[in-house]
Every structure is written in C-alpha cells, then in structure tokens.
$ cat input-v2.cif   # mmCIF, C-alpha atoms
data_my_file
#
loop_
_atom_site.label_atom_id
_atom_site.label_comp_id
_atom_site.auth_asym_id
_atom_site.auth_seq_id
_atom_site.Cartn_x
_atom_site.Cartn_y
_atom_site.Cartn_z
CA MET Q 15 4.78 -0.34 -0.97
CA GLU Q 16 4.87 -3.76 0.63
CA LEU Q 17 8.05 -4.90 2.36
CA ARG Q 18 9.21 -8.36 1.33
CA GLY Q 19 11.51 -9.15 4.22
CA VAL Q 20 13.18 -8.08 7.43
CA GLU Q 21 16.25 -6.85 5.49
CA GLU Q 22 14.13 -4.37 3.54
CA LEU Q 23 12.51 -3.19 6.76
CA MET Q 24 15.89 -2.83 8.47
CA ASP Q 25 17.19 -0.82 5.49
CA LEU Q 26 14.18 1.49 5.71
CA LEU Q 27 14.62 1.90 9.46
CA TYR Q 28 18.32 2.69 8.95
CA ALA Q 29 17.27 5.27 6.35
CA CYS Q 30 15.36 7.06 9.12
CA ARG Q 31 18.73 8.04 10.61
CA GLY Q 32 19.18 11.74 10.00
CA ALA Q 33 15.63 12.13 8.69
CA PHE Q 34 13.60 14.51 10.78
CA GLY Q 35 9.93 14.85 11.46
CA GLY Q 36 9.90 18.52 10.48
CA PRO Q 37 7.38 21.35 10.56
CA GLY Q 38 3.93 20.12 11.36
CA PHE Q 39 5.28 17.06 13.18
CA PRO Q 40 2.93 16.52 16.13
CA GLY Q 41 4.18 18.40 19.16
CA GLY Q 42 5.76 21.05 16.94
CA ARG Q 43 9.23 19.67 17.64
CA SER Q 44 11.56 18.29 15.01
CA VAL Q 45 12.91 14.87 15.95
CA ASP Q 46 15.30 12.39 14.36
CA LEU Q 47 13.01 9.58 13.20
CA HIS Q 48 15.61 6.88 13.85
CA GLN Q 49 16.23 7.90 17.46
CA HIS Q 50 12.53 8.48 18.02
CA ALA Q 51 11.73 4.96 16.78
CA LEU Q 52 14.34 3.40 19.08
CA ARG Q 53 13.18 5.42 22.10
CA THR Q 54 9.52 4.62 21.45
CA ALA Q 55 10.24 0.88 21.15
CA ALA Q 56 12.44 0.95 24.28
CA LEU Q 57 9.72 2.69 26.29
CA LEU Q 58 7.23 0.04 25.20
CA ARG Q 59 9.70 -2.73 25.99
CA ARG Q 60 9.97 -1.36 29.54
CA SER Q 61 6.23 -0.98 30.09
CA ARG Q 62 5.05 -4.10 28.20
CA PRO Q 63 7.99 -6.53 28.08
CA ALA Q 64 5.93 -9.48 26.82
CA ASP Q 65 4.12 -7.62 24.02
CA LYS Q 66 6.58 -7.82 21.12
CA GLU Q 67 4.00 -6.72 18.56
CA LEU Q 68 3.34 -3.49 20.45
CA GLN Q 69 7.07 -2.82 20.78
CA VAL Q 70 7.64 -3.41 17.07
CA ALA Q 71 4.70 -1.14 16.20
CA GLY Q 72 6.47 1.59 18.18
CA LEU Q 73 9.66 0.93 16.26
CA VAL Q 74 8.32 0.78 12.72
CA GLN Q 75 5.77 3.61 12.91
CA ALA Q 76 8.72 5.89 12.05
CA ILE Q 77 8.87 4.72 8.42
CA GLY Q 78 5.69 6.56 7.40
CA PRO Q 79 7.39 9.92 6.74
CA LEU Q 80 9.96 8.21 4.48
CA LEU Q 81 7.28 6.44 2.47
CA ARG Q 82 5.11 9.52 1.92
CA PRO Q 83 7.16 12.68 2.55
CA GLY Q 84 5.14 15.81 3.12
CA ASP Q 85 1.77 14.09 3.55
CA ARG Q 86 1.61 13.79 7.33
CA THR Q 87 -1.93 12.44 7.35
CA ALA Q 88 -0.92 9.47 5.17
CA HIS Q 89 2.11 8.41 7.25
CA PRO Q 90 0.31 5.89 9.50
CA ASP Q 91 -1.56 4.26 6.61
CA CYS Q 92 1.59 3.99 4.46
CA ALA Q 93 3.62 2.46 7.28
CA ALA Q 94 0.81 0.03 8.16
CA ASP Q 95 0.38 -1.08 4.53
CA ALA Q 96 4.13 -1.59 4.15
CA VAL Q 97 4.49 -3.92 7.15
CA ARG Q 98 1.14 -5.75 7.14
CA SER Q 99 2.20 -8.81 5.15
CA LEU Q 100 5.55 -9.02 6.94
CA LEU Q 101 4.62 -8.36 10.58
CA GLY Q 102 0.91 -9.11 10.67
CA GLU Q 103 -2.43 -7.45 11.05
CA ARG Q 104 -2.07 -6.48 14.71
CA VAL Q 105 1.17 -4.55 14.16
CA ALA Q 106 -0.31 -2.87 11.08
CA GLY Q 107 -3.50 -2.00 12.96
CA LEU Q 108 -1.60 -0.48 15.87
CA ILE Q 109 0.47 1.65 13.51
CA ARG Q 110 -2.56 2.75 11.51
CA ASP Q 111 -4.74 3.59 14.49
CA HIS Q 112 -2.30 5.19 16.94
CA ARG Q 113 -2.75 8.72 15.59
CA PRO Q 114 -4.08 11.10 18.24
CA ASP Q 115 -7.23 12.15 16.40
CA GLY Q 116 -9.57 11.99 19.35
CA ARG Q 117 -11.03 8.56 18.57
CA LEU Q 118 -11.49 6.14 21.42
CA ALA Q 119 -8.65 3.69 21.75
CA ASP Q 120 -8.01 0.49 23.65
CA GLY Q 121 -5.22 0.18 26.22
CA ASP Q 122 -2.61 -0.89 23.68
CA LEU Q 123 -3.30 2.06 21.39
CA LEU Q 124 -3.22 4.44 24.32
CA ARG Q 125 0.10 3.05 25.49
CA LEU Q 126 1.52 3.33 21.97
CA ARG Q 127 0.35 6.96 21.71
CA GLN Q 128 1.92 7.73 25.07
CA ALA Q 129 5.22 6.11 24.10
CA VAL Q 130 5.30 8.01 20.79
CA GLU Q 131 4.80 11.26 22.68
CA GLU Q 132 7.28 10.37 25.44
CA GLY Q 133 9.81 9.33 22.79
CA ARG Q 134 9.77 12.86 21.37
CA GLN Q 135 10.66 14.41 24.72
CA ALA Q 136 12.88 11.73 26.24
CA SER Q 137 16.62 11.75 25.98
CA PHE Q 138 18.23 8.42 26.82
CA ASP Q 139 20.32 5.77 25.14
CA ALA Q 140 17.78 3.46 23.55
CA GLY Q 141 20.32 1.07 22.09
CA VAL Q 142 20.85 0.34 18.43
CA LEU Q 143 18.57 -0.87 15.68
CA GLU Q 144 20.42 -4.16 15.36
CA ASP Q 145 19.08 -5.05 18.86
CA TRP Q 146 15.63 -5.37 17.24
CA ARG Q 147 16.55 -7.64 14.33
CA THR Q 148 15.77 -10.89 16.18
CA VAL Q 149 12.37 -9.65 17.35
CA LEU Q 150 11.52 -8.54 13.81
CA GLU Q 151 12.62 -11.91 12.42
CA LEU Q 152 10.57 -13.82 14.99
CA LEU Q 153 7.43 -11.80 14.23
CA ALA Q 154 7.98 -12.15 10.49
CA ALA Q 155 8.47 -15.91 10.81
CA ARG Q 156 5.37 -16.28 12.97
CA ASN Q 157 3.32 -14.20 10.56
CA SER Q 158 4.50 -16.16 7.54
CA ARG Q 159 3.51 -19.43 9.22
CA LEU Q 160 0.09 -18.04 10.05
CA GLY Q 161 -0.44 -16.94 6.47
CA ALA Q 162 0.87 -20.13 4.89
CA VAL Q 163 -1.53 -22.15 2.80
CA ASP Q 164 -1.17 -25.93 2.79
#

$ encode --input "input-v2.cif" --output "structure tokens"
Amino acid sequence: MELRGVEELMDLLYACRGAFGGPGFPGGRSVDLHQHALRTAALLRRSRPADKELQVAGLVQAIGPLLRPGDRTAHPDCAADAVRSLLGERVAGLIRDHRPDGRLADGDLLRLRQAVEEGRQASFDAGVLEDWRTVLELLAARNSRLGAVD
C-alpha cells in the first residue's frame, strides 16, 4: 500500500485509535497504537526539536500493525513502504530500520528505538493528532518537490 496524501495518512493514524499492539508486542505489554504514536513523537520532539523527519517517523511507525495485522515482523516494512513516496526516504528508512534486532544503529535510530520503548511505558498527555498535520504537510510538500521531474 502506498499512501497518496496526508489525508490518507491522517485517516490511517486516526484508525490506530483503539487498536492495540497485542500479544507478542515488544515489551509484552498491550498499548493503544494511537496514544503510543503520539507519545513517541512527543518524546522525539522534546529531545530533537529540529529533526521533523525523526519525529514523524516516531508518529507513523504505528501504522504497521494496521497494514499487516498479525505479522509483527512485517510491520516496519509495511509502514515504511506506505509512507516512502509521501514523506521521503529518510522517514521510511528510520521506520524500517528501528526494530530492536541487535543490528548496529546510528544515533537517530537509537533515539527512535528509545522513544518507541519509552512511549510504551510513559503516561502523559501527548496532545492530539491534529497537532501533527502541519508537520506532515510540510514534509510531504518538501518530498514532492524533491521528487518532481522538470
């Protein structure tokens, strides 16, 4: 699945509300995917305020379980493939490679992994999804300009 616009992505992120990462979810704890996405993005916003792509990767990594229910190993790849053309290669790469499988990771991947884990345990008001619409639109617009052919 390839998302065609920010509206489709927002709809998918809203669909995460009430969907839970169930048995086998890393950490063994069931979490609401919508709240987890907001908390992860908020944690990244606090630690890396200038890195919008990293923040958005934390937000949209939650769509994997909706795209491929039951196949936990495919979640990162499905989410990355869905957002690549909309949000760019860096966001897709961060989503695809953030899984804690023991591979070496750069600082951004490590921070994303930490935020994903912290987001499972944390309990704070991370705002609402609509707060992220402008950032998503800016990244999508920048990516579409970069991919434009004259």

$ closest_residue --input "input-v2.cif" --among "Q:His48, Q:Arg127, Q:Lys66, Q:Arg86" --to "Leu26 of chain Q" --atoms "all atoms listed in the file"
Q:His48

$ closest_residue --input "input-v2.cif" --among "Q:Arg134, Q:His89, Q:Arg147, Q:Arg110" --to "Val45 of chain Q" --atoms "all atoms listed in the file"
Q:Arg134

$ residues_around --input "input-v2.cif" --residues "Leu143 of chain Q" --least-positions-apart "3" --cutoff "10 Å" --atoms "all atoms listed in the file" --output "VMD selection string"
chain Q and resid 24 27 to 28 48 to 49 51 to 52 73 140 146 to 147

$ write_last_selection --input "input-v2.cif" --atoms "C-alpha atoms" --output "tab-separated table (two decimals), keeping the file's coordinate frame"
chain	number	residue	atom	x	y	z
Q	24	MET	CA	15.89	-2.83	8.47
Q	27	LEU	CA	14.62	1.90	9.46
Q	28	TYR	CA	18.32	2.69	8.95
Q	48	HIS	CA	15.61	6.88	13.85
Q	49	GLN	CA	16.23	7.90	17.46
Q	51	ALA	CA	11.73	4.96	16.78
Q	52	LEU	CA	14.34	3.40	19.08
Q	73	LEU	CA	9.66	0.93	16.26
Q	140	ALA	CA	17.78	3.46	23.55
Q	146	TRP	CA	15.63	-5.37	17.24
Q	147	ARG	CA	16.55	-7.64	14.33

$ residues_near_point --input "input-v2.cif" --point "(10.3, 7.3, 20.7)" --cutoff "8 Å" --atoms "all atoms listed in the file" --output "PyMOL selection string"
chain Q and resi 49-57+72-73+129-134+136

$ atom_distance --input "input-v2.cif" --atom1 "atom CA of Glu144 of chain Q" --atom2 "atom CA of Gly19 of chain Q"
15.1 Å
